[in-house]
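Engineer: My structure file data12.tsv, TSV, C-alpha atoms, is below:
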```tsv
chain	number	residue	atom	x	y	z
L	6	MET	CA	36.36	-9.39	57.76
L	7	LYS	CA	33.44	-11.56	56.73
L	8	LYS	CA	31.01	-9.07	58.22
L	9	TYR	CA	32.69	-6.25	56.37
L	10	ILE	CA	32.44	-8.11	53.05
L	11	GLY	CA	28.83	-8.96	53.77
L	12	PHE	CA	28.03	-5.32	54.45
L	13	VAL	CA	29.65	-4.24	51.21
L	14	LEU	CA	27.65	-6.84	49.31
L	15	PHE	CA	24.46	-5.64	50.98
L	16	LEU	CA	25.19	-2.04	49.93
L	17	LEU	CA	25.85	-3.07	46.35
L	18	ILE	CA	22.63	-5.05	46.16
L	19	ILE	CA	20.67	-2.10	47.50
L	20	GLN	CA	22.37	0.15	44.97
L	21	ASN	CA	21.38	-2.20	42.17
L	22	MET	CA	17.78	-2.12	43.27
L	23	TYR	CA	17.77	1.67	43.21
L	24	GLY	CA	19.36	1.68	39.82
L	25	GLN	CA	16.57	-0.42	38.36
L	26	ALA	CA	13.73	1.46	39.97
L	27	ASP	CA	14.82	4.91	38.86
L	28	THR	CA	15.08	4.32	35.13
L	29	VAL	CA	11.94	3.86	33.11
L	30	ILE	CA	11.96	3.76	29.33
L	31	ARG	CA	8.85	2.31	27.81
L	32	LEU	CA	7.10	2.58	24.49
L	33	ASP	CA	3.54	1.28	24.59
L	34	VAL	CA	1.13	0.96	21.67
L	35	VAL	CA	-2.17	2.40	22.86
L	36	SER	CA	-4.04	2.01	19.58
L	37	GLY	CA	-3.38	1.35	15.90
L	38	GLY	CA	-1.14	-1.65	16.45
L	39	SER	CA	-1.34	-2.91	12.88
L	40	THR	CA	-2.17	-1.58	9.43
L	41	ASN	CA	-3.47	-3.08	6.22
L	42	PHE	CA	-3.42	-1.25	2.93
L	43	HIS	CA	-5.76	-2.58	0.24
L	44	PHE	CA	-5.07	-1.25	-3.22
L	45	ASN	CA	-8.32	-2.18	-4.92
L	46	SER	CA	-8.96	0.86	-7.10
L	47	TYR	CA	-7.01	2.75	-9.69
L	48	THR	CA	-7.13	5.97	-7.69
L	49	LYS	CA	-5.63	4.27	-4.66
L	50	ILE	CA	-2.88	2.76	-6.78
L	51	THR	CA	-1.91	6.06	-8.37
L	52	SER	CA	-2.43	8.33	-5.36
L	53	GLY	CA	-1.60	6.05	-2.45
L	54	ILE	CA	-3.46	5.23	0.74
L	55	GLU	CA	-3.11	7.23	3.92
L	56	TYR	CA	-4.08	6.26	7.45
L	57	ALA	CA	-3.92	9.53	9.35
L	58	ASN	CA	-3.37	9.59	13.12
L	59	TRP	CA	-3.38	5.83	13.09
L	60	THR	CA	-0.98	4.71	15.82
L	61	ARG	CA	-0.90	6.25	19.27
L	62	PHE	CA	2.25	5.47	21.24
L	63	ARG	CA	2.59	6.19	24.94
L	64	VAL	CA	6.08	7.23	25.97
L	65	TYR	CA	7.36	6.70	29.50
L	66	PHE	CA	10.83	8.13	29.87
L	67	LYS	CA	12.80	8.77	33.01
L	68	VAL	CA	16.51	8.20	33.26
L	69	HIS	CA	18.03	8.61	36.68
L	70	ASP	CA	21.38	10.26	37.24
L	71	GLY	CA	22.55	7.52	39.56
L	72	SER	CA	22.77	9.69	42.66
L	73	HIS	CA	19.68	8.15	44.27
L	74	THR	CA	18.21	11.58	44.82
L	75	ASN	CA	15.39	10.94	42.39
L	76	THR	CA	16.89	13.51	40.06
L	77	PRO	CA	16.47	12.83	36.38
L	78	THR	CA	19.48	13.25	34.15
L	79	ALA	CA	19.62	15.71	31.30
L	80	ASN	CA	18.93	12.86	28.88
L	81	THR	CA	16.28	13.35	26.24
L	82	TRP	CA	14.65	10.72	24.10
L	83	GLU	CA	14.35	10.08	20.41
L	84	LEU	CA	11.97	7.91	18.42
L	85	LEU	CA	13.33	5.93	15.51
L	86	VAL	CA	11.71	3.67	12.95
L	87	HIS	CA	13.03	1.03	10.61
L	88	ALA	CA	11.66	-1.84	8.58
L	89	ASN	CA	12.64	-5.33	9.61
L	90	THR	CA	13.21	-6.39	6.02
L	91	SER	CA	13.92	-4.82	2.66
L	92	PRO	CA	12.58	-5.12	0.05
L	93	ILE	CA	9.13	-6.00	1.30
L	94	PRO	CA	8.41	-9.67	0.55
L	95	GLY	CA	5.14	-10.87	-0.93
L	96	ASP	CA	3.38	-14.19	-0.46
L	97	GLY	CA	3.65	-14.82	-4.19
L	98	GLY	CA	7.41	-14.40	-4.22
L	99	ASN	CA	7.32	-10.82	-5.45
L	100	THR	CA	8.95	-7.88	-3.73
L	101	LEU	CA	8.07	-4.25	-3.17
L	102	GLY	CA	10.51	-1.44	-2.43
L	103	ILE	CA	10.56	-0.30	1.17
L	104	ASP	CA	10.47	3.29	-0.05
L	105	ARG	CA	6.74	2.91	-0.76
L	106	ILE	CA	6.10	3.28	2.97
L	107	GLU	CA	6.07	6.63	4.70
L	108	VAL	CA	5.31	7.72	8.24
L	109	ALA	CA	4.56	11.16	9.65
L	110	VAL	CA	4.56	12.45	13.20
L	111	GLU	CA	1.29	14.16	14.05
L	112	ASN	CA	2.03	14.69	17.74
L	113	ALA	CA	5.60	14.65	19.03
L	114	GLY	CA	4.84	15.10	22.72
L	115	SER	CA	7.61	17.19	24.31
L	116	GLY	CA	9.96	16.34	21.46
L	117	THR	CA	10.46	17.85	18.03
L	118	ALA	CA	9.39	16.06	14.88
L	119	THR	CA	12.59	15.76	12.86
L	120	ALA	CA	10.82	16.33	9.55
L	121	GLY	CA	8.19	18.63	11.02
L	122	ILE	CA	4.69	17.83	12.18
L	123	GLY	CA	2.59	16.12	9.54
L	124	ASN	CA	5.44	15.78	7.04
L	125	TYR	CA	5.94	12.29	5.70
L	126	VAL	CA	9.30	10.53	5.90
L	127	VAL	CA	10.08	7.79	3.40
L	128	ILE	CA	11.24	4.69	5.25
L	129	SER	CA	14.80	3.81	4.34
L	130	GLY	CA	16.24	2.20	7.46
L	131	THR	CA	16.40	-1.55	7.75
L	132	SER	CA	18.24	-1.80	11.08
L	133	GLN	CA	18.73	0.09	14.29
L	134	ALA	CA	21.89	1.59	12.84
L	135	THR	CA	20.15	2.99	9.76
L	136	ALA	CA	16.78	3.76	11.31
L	137	ASN	CA	14.96	6.96	10.40
L	138	GLN	CA	14.72	9.44	13.25
L	139	LEU	CA	11.16	10.68	13.72
L	140	ILE	CA	11.34	12.64	16.97
L	141	THR	CA	14.25	14.16	18.85
L	142	GLY	CA	14.68	16.00	22.12
L	143	GLY	CA	11.81	14.52	24.10
L	144	LEU	CA	11.94	15.54	27.74
L	145	ASN	CA	12.86	13.43	30.71
L	146	LEU	CA	9.53	12.87	32.40
L	147	ALA	CA	8.72	12.34	36.04
L	148	VAL	CA	7.38	8.86	36.62
L	149	PRO	CA	4.55	7.98	36.35
L	150	ALA	CA	3.97	10.81	33.89
L	151	TYR	CA	3.82	9.93	30.22
L	152	GLU	CA	3.03	11.54	26.94
L	153	ASP	CA	1.50	10.36	23.69
L	154	VAL	CA	3.00	10.30	20.24
L	155	ILE	CA	0.74	9.96	17.20
L	156	ILE	CA	1.89	8.54	13.89
L	157	SER	CA	0.30	8.57	10.41
L	158	TYR	CA	1.09	6.12	7.63
L	159	ARG	CA	1.02	6.41	3.88
L	160	VAL	CA	1.82	3.81	1.23
L	161	GLY	CA	2.28	4.70	-2.43
L	162	GLY	CA	2.24	8.45	-1.88
L	163	THR	CA	5.69	9.76	-2.77
L	164	ASN	CA	6.67	6.53	-4.51
L	165	SER	CA	3.70	4.98	-6.26
L	166	VAL	CA	2.85	1.30	-6.18
L	167	GLN	CA	1.76	1.58	-9.80
L	168	GLY	CA	3.39	-1.18	-11.76
L	169	ALA	CA	3.91	-3.36	-8.71
L	170	THR	CA	3.01	-7.00	-9.20
L	171	PRO	CA	-0.28	-7.86	-7.46
L	172	ASP	CA	0.47	-9.75	-4.27
L	173	TYR	CA	0.09	-9.62	-0.51
L	174	TYR	CA	3.14	-7.86	0.91
L	175	PHE	CA	3.99	-7.79	4.57
L	176	VAL	CA	6.59	-6.02	6.69
L	177	ASP	CA	7.10	-5.04	10.32
L	178	LEU	CA	7.89	-1.48	11.22
L	179	VAL	CA	10.05	-1.36	14.34
L	180	PHE	CA	9.77	1.80	16.44
L	181	THR	CA	12.56	2.34	18.94
L	182	LEU	CA	12.58	4.72	21.90
L	183	ASN	CA	16.15	5.66	22.76
L	184	THR	CA	18.04	7.94	25.06
L	185	GLN	CA	20.03	10.72	23.46
Y	23	MET	CA	38.36	-17.83	49.22
Y	24	LYS	CA	39.59	-14.41	48.14
Y	25	LYS	CA	39.31	-15.39	44.48
Y	26	VAL	CA	35.74	-16.49	44.95
Y	27	ILE	CA	34.83	-13.24	46.68
Y	28	LEU	CA	36.62	-11.16	44.06
Y	29	GLY	CA	34.90	-13.07	41.29
Y	30	PHE	CA	31.54	-12.53	42.91
Y	31	LEU	CA	32.26	-8.84	43.33
Y	32	ALA	CA	33.31	-8.57	39.69
Y	33	ILE	CA	30.03	-10.12	38.56
Y	34	LEU	CA	28.13	-7.80	40.86
Y	35	PHE	CA	29.90	-4.70	39.53
Y	36	ALA	CA	29.34	-5.84	35.99
Y	37	GLY	CA	25.65	-6.18	36.75
Y	38	GLN	CA	25.62	-2.73	38.23
Y	39	ILE	CA	27.21	-1.26	35.12
Y	40	SER	CA	24.68	-2.93	32.86
Y	41	PHE	CA	21.82	-1.57	34.94
Y	42	ALA	CA	23.26	1.92	34.77
Y	43	GLN	CA	23.47	1.91	30.99
Y	44	PRO	CA	20.76	3.75	29.11
Y	45	VAL	CA	18.12	1.37	27.84
Y	46	SER	CA	15.61	1.56	25.09
Y	47	ASP	CA	12.26	0.06	24.25
Y	48	MET	CA	10.74	-1.04	20.99
Y	49	ALA	CA	7.29	-1.46	19.48
Y	50	VAL	CA	6.47	-3.34	16.31
Y	51	ILE	CA	3.69	-2.37	13.92
Y	52	PRO	CA	2.91	-5.17	11.43
Y	53	MET	CA	1.96	-3.79	8.05
Y	54	GLY	CA	0.21	-5.59	5.21
Y	55	ILE	CA	-0.09	-4.25	1.68
Y	56	THR	CA	-2.47	-5.87	-0.79
Y	57	ILE	CA	-2.12	-4.81	-4.39
Y	58	GLN	CA	-4.72	-5.82	-6.95
Y	59	ASN	CA	-4.73	-5.30	-10.69
Y	60	ILE	CA	-7.39	-2.88	-11.86
Y	61	MET	CA	-8.90	-3.27	-15.34
Y	62	ARG	CA	-12.13	-1.46	-16.02
Y	63	LEU	CA	-13.92	-0.99	-19.32
Y	64	THR	CA	-16.80	1.46	-19.62
Y	65	ILE	CA	-18.94	2.15	-22.66
Y	66	THR	CA	-19.79	5.83	-22.61
Y	67	ARG	CA	-21.69	6.14	-25.88
Y	68	GLY	CA	-23.21	3.90	-28.50
Y	69	GLY	CA	-23.92	0.96	-26.26
Y	70	ASN	CA	-26.72	-0.17	-28.55
Y	71	ILE	CA	-26.31	0.22	-32.29
Y	72	GLU	CA	-29.40	-0.01	-34.51
Y	73	PHE	CA	-29.19	0.00	-38.29
Y	74	VAL	CA	-32.65	0.66	-39.74
Y	75	PHE	CA	-32.95	0.09	-43.48
Y	76	SER	CA	-36.09	1.94	-44.44
Y	77	SER	CA	-35.46	2.77	-48.04
Y	78	ALA	CA	-34.07	1.24	-51.21
Y	79	ALA	CA	-31.19	3.74	-51.03
Y	80	ASP	CA	-30.25	2.43	-47.60
Y	81	ARG	CA	-30.17	-1.13	-48.90
Y	82	LEU	CA	-28.06	-0.12	-51.89
Y	83	ALA	CA	-25.53	2.13	-50.18
Y	84	GLY	CA	-25.56	0.75	-46.68
Y	85	LEU	CA	-25.56	2.69	-43.41
Y	86	GLY	CA	-22.59	4.06	-41.53
Y	87	GLY	CA	-20.87	7.19	-40.33
Y	88	ALA	CA	-20.37	9.01	-37.06
Y	89	ALA	CA	-23.91	8.37	-35.94
Y	90	TYR	CA	-23.02	4.69	-35.59
Y	91	THR	CA	-20.16	5.04	-33.13
Y	92	THR	CA	-19.39	3.30	-29.90
Y	93	ALA	CA	-17.06	5.08	-27.49
Y	94	GLY	CA	-15.61	3.97	-24.22
Y	95	THR	CA	-12.97	4.49	-21.58
Y	96	VAL	CA	-10.34	2.24	-20.12
Y	97	VAL	CA	-8.85	2.29	-16.65
Y	98	SER	CA	-5.96	-0.09	-16.19
Y	99	THR	CA	-2.94	-0.47	-13.96
Y	100	GLN	CA	-1.09	-2.54	-16.52
Y	101	ALA	CA	-0.55	-2.81	-20.25
Y	102	TRP	CA	-3.75	-3.78	-22.02
Y	103	ASP	CA	-5.40	-4.86	-25.24
Y	104	LEU	CA	-9.01	-4.37	-26.23
Y	105	GLU	CA	-10.51	-7.37	-27.96
Y	106	LEU	CA	-13.77	-7.93	-29.76
Y	107	THR	CA	-15.90	-10.92	-30.66
Y	108	THR	CA	-19.59	-11.84	-30.93
Y	109	ASP	CA	-21.78	-14.25	-29.03
Y	110	ALA	CA	-23.21	-15.87	-32.19
Y	111	ALA	CA	-22.01	-16.85	-35.64
Y	112	GLN	CA	-24.62	-14.71	-37.40
Y	113	PHE	CA	-27.33	-12.15	-36.81
Y	114	ASP	CA	-30.59	-13.91	-35.92
Y	115	ASP	CA	-34.06	-12.51	-36.28
Y	116	GLU	CA	-36.60	-12.65	-33.50
Y	117	SER	CA	-38.09	-15.89	-34.75
Y	118	GLY	CA	-34.67	-17.52	-34.77
Y	119	THR	CA	-35.27	-18.96	-38.23
Y	120	ASN	CA	-33.76	-16.26	-40.42
Y	121	ASN	CA	-30.28	-14.86	-40.21
Y	122	LEU	CA	-27.86	-12.39	-41.63
Y	123	PRO	CA	-24.09	-12.88	-42.06
Y	124	LEU	CA	-21.90	-11.10	-39.53
Y	125	ALA	CA	-19.76	-9.85	-42.41
Y	126	THR	CA	-22.45	-7.42	-43.48
Y	127	VAL	CA	-21.25	-5.27	-40.60
Y	128	GLU	CA	-17.79	-3.81	-40.63
Y	129	LEU	CA	-16.02	-1.78	-38.06
Y	130	ALA	CA	-13.05	0.46	-37.65
Y	131	THR	CA	-11.27	1.55	-34.52
Y	132	THR	CA	-11.18	5.23	-35.22
Y	133	THR	CA	-9.42	6.50	-32.14
Y	134	ALA	CA	-7.34	5.09	-29.34
Y	135	SER	CA	-5.69	7.41	-26.85
Y	136	THR	CA	-2.98	4.90	-26.09
Y	137	GLY	CA	-1.77	1.90	-28.01
Y	138	THR	CA	-2.47	1.18	-31.64
Y	139	ALA	CA	-5.90	1.11	-33.27
Y	140	ALA	CA	-5.49	-2.26	-34.88
Y	141	LEU	CA	-8.64	-2.77	-36.90
Y	142	ALA	CA	-9.59	-0.72	-39.94
Y	143	ASN	CA	-12.63	-1.53	-42.05
Y	144	THR	CA	-12.78	-5.07	-40.81
Y	145	ALA	CA	-15.74	-7.36	-41.21
Y	146	LEU	CA	-17.36	-8.44	-37.98
Y	147	ALA	CA	-16.56	-12.06	-37.15
Y	148	GLN	CA	-16.88	-14.54	-34.35
Y	149	GLY	CA	-14.21	-16.82	-33.04
Y	150	ALA	CA	-10.68	-15.69	-32.52
Y	151	PRO	CA	-11.15	-12.28	-30.94
Y	152	GLY	CA	-10.26	-9.36	-33.09
Y	153	VAL	CA	-7.89	-7.00	-31.34
Y	154	LEU	CA	-9.25	-3.47	-31.49
Y	155	VAL	CA	-6.50	-1.77	-29.58
Y	156	VAL	CA	-3.16	-3.42	-29.15
Y	157	ASP	CA	-0.07	-2.75	-27.08
Y	158	ALA	CA	-1.48	-0.05	-24.88
Y	159	GLY	CA	1.65	-0.37	-22.82
Y	160	ALA	CA	1.08	2.16	-20.11
Y	161	ALA	CA	-1.17	2.12	-17.11
Y	162	THR	CA	-3.90	4.66	-17.60
Y	163	ASP	CA	-6.85	6.18	-15.83
Y	164	ALA	CA	-8.15	7.90	-18.96
Y	165	GLY	CA	-7.67	5.62	-21.92
Y	166	THR	CA	-10.32	6.19	-24.57
Y	167	PHE	CA	-11.33	4.48	-27.78
Y	168	SER	CA	-14.08	4.65	-30.33
Y	169	ILE	CA	-15.39	2.21	-32.89
Y	170	GLU	CA	-17.24	3.26	-35.97
Y	171	TRP	CA	-19.72	0.75	-37.36
Y	172	ALA	CA	-21.19	0.34	-40.84
Y	173	CYS	CA	-23.66	-2.13	-42.26
Y	174	GLY	CA	-24.18	-3.11	-45.89
Y	175	THR	CA	-21.50	-0.78	-47.22
Y	176	THR	CA	-18.76	-3.20	-48.26
Y	177	THR	CA	-20.69	-6.44	-48.04
Y	178	PRO	CA	-24.28	-5.77	-49.17
Y	179	ILE	CA	-27.27	-7.14	-47.34
Y	180	PRO	CA	-28.20	-10.32	-49.25
Y	181	ALA	CA	-31.09	-9.66	-51.57
Y	182	ALA	CA	-33.02	-12.63	-50.19
Y	183	THR	CA	-32.92	-11.30	-46.63
Y	184	LEU	CA	-36.38	-11.11	-45.16
Y	185	ALA	CA	-37.60	-8.06	-43.35
Y	186	GLY	CA	-37.08	-8.29	-39.62
Y	187	ARG	CA	-34.91	-7.22	-36.71
Y	188	TYR	CA	-31.62	-9.09	-36.65
Y	189	THR	CA	-29.47	-8.94	-33.57
Y	190	VAL	CA	-26.16	-10.10	-32.19
Y	191	ASN	CA	-24.18	-9.15	-29.11
Y	192	VAL	CA	-20.72	-7.74	-29.67
Y	193	ILE	CA	-18.45	-8.50	-26.76
Y	194	LEU	CA	-15.61	-6.17	-25.90
Y	195	SER	CA	-12.93	-7.50	-23.59
Y	196	LEU	CA	-10.21	-5.57	-21.83
Y	197	VAL	CA	-7.33	-7.98	-21.30
Y	198	ALA	CA	-3.81	-7.79	-19.96
Y	199	ASN	CA	-1.27	-7.37	-22.72
```
For this file, produce the structure as structure tokens.

Structural biologist:
Amino acid sequence: MKKYIGFVLFLLIIQNMYGQADTVIRLDVVSGGSTNFHFNSYTKITSGIEYANWTRFRVYFKVHDGSHTNTPTANTWELLVHANTSPIPGDGGNTLGIDRIEVAVENAGSGTATAGIGNYVVISGTSQATANQLITGGLNLAVPAYEDVIISYRVGGTNSVQGATPDYYFVDLVFTLNTQ
Amino acid sequence: MKKVILGFLAILFAGQISFAQPVSDMAVIPMGITIQNIMRLTITRGGNIEFVFSSAADRLAGLGGAAYTTAGTVVSTQAWDLELTTDAAQFDDESGTNNLPLATVELATTTASTGTAALANTALAQGAPGVLVVDAGAATDAGTFSIEWACGTTTPIPAATLAGRYTVNVILSLVAN
């Protein structure tokens, strides 16, 4: 009986090890890991500042079907973005609306840019639940294959920063790679 | 013993389930936004006004008109006023011994694209800044103004004034309203 239980435990442990090795979901920042927007001219304040093709993400995505046959599931991936706080706080105690920030997908890899390639999306999400979807339908990739996603940023484009109180404002944009 | 084994198996299965669940990954891009106030004043015309009294008629009637106009532009991201003062209490000649009262010169804000042209036919004075344009409430990239100058028209040049070149600097200041 003890041997039988031991064998079952051994099988379960092996199964767990397979389960970990077959699923890879990773979102790496290759370049453009931070941005700073300096509004130091009237034109910038009225027209906004754009950093095109600024952040390059590397997407690793393989979800196994659990059969241990190295067969990926039909899962696809999506890329979401949200701000970690809203409104955007400033060092001087002032705040700036999160809707001043926009992002655009310049390269969606195997996925489809939800708003279209190069079209800016005004950030509205402040949590995982309300995050803005940027890319949908990315393919399940064979490890170690990966693909790159390129993101542009704009501040003060659709919604101007004109009239905002001068200050240093700071916010984190959280990009999430999810299964669908 | 059975309970221990069952408990262990339960934990193991639970672990297996958690491994099998889809996972996700995140990346964080810190973003900083620095916003500065922009206030820029540019004189586009009439940056140096010279009144030359070369005849008795000039001394009697004074000099003025469109030829003696200063024009400028304003770029501002906030509500603004345009103020004026001088860097001396009177006009001084080149020797520094003779002078001419500031009041011999008068000015009028003839145009202001935004806000209110506050001064009309006002004698030049030092001290508390005169407000040329007031309550220009809106941010602008194309605010314009002009000032028309006259000398000896309302307040005549004193008869005892010696010939010479009398100067003073007029200081225009663009300030937040």

Engineer: If we draw a sphere of 10 Å around (-0.7, -1.6, 17.2), which residues have at least one atom in it when counting all atoms listed in the file? Please report them as a compact mmCIF listing (two decimals) with C-alpha atoms, keeping the file's coordinate frame.

Structural biologist:
```txt
# COMPACT_ATOMS: atom_id res chain seq x y z
CA ASP L 33 3.54 1.28 24.59
CA VAL L 34 1.13 0.96 21.67
CA VAL L 35 -2.17 2.40 22.86
CA SER L 36 -4.04 2.01 19.58
CA GLY L 37 -3.38 1.35 15.90
CA GLY L 38 -1.14 -1.65 16.45
CA SER L 39 -1.34 -2.91 12.88
CA THR L 40 -2.17 -1.58 9.43
CA TRP L 59 -3.38 5.83 13.09
CA THR L 60 -0.98 4.71 15.82
CA ARG L 61 -0.90 6.25 19.27
CA PHE L 62 2.25 5.47 21.24
CA ALA Y 49 7.29 -1.46 19.48
CA VAL Y 50 6.47 -3.34 16.31
CA ILE Y 51 3.69 -2.37 13.92
CA PRO Y 52 2.91 -5.17 11.43
CA MET Y 53 1.96 -3.79 8.05
```

Engineer: Find the residues of chain L in contact range of chain Y, meaning any atom within 7 Å when counting all atoms listed in the file, and list them as a PyMOL selection string.

Structural biologist: chain L and resi 21+24-25+30-34+38-47+167-168+171-184

Engineer: Extract, using all atoms listed in the file, all DNA, RNA and protein residues at most 9 Å from Ile155 (chain L), discarding same-chain residues fewer than 2 positions from it, and format them as a ChimeraX atom specification.

Structural biologist: /L:58-63,109-114,153,157

Engineer: Taking only C-alpha atoms into account, which of Y:Ala134, Y:Val74, Y:Ala88, Y:Val155 comes nearest Leu196 (chain Y)?

Structural biologist: Y:Val155

Engineer: Between CA of Ile65 (chain Y) and CA of Asp114 (chain Y), what is the distance in Å, rounded to a tenth?

Structural biologist: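 Taking CA of Ile65 (chain Y) and CA of Asp114 (chain Y), their separation equals 23.9 Å.
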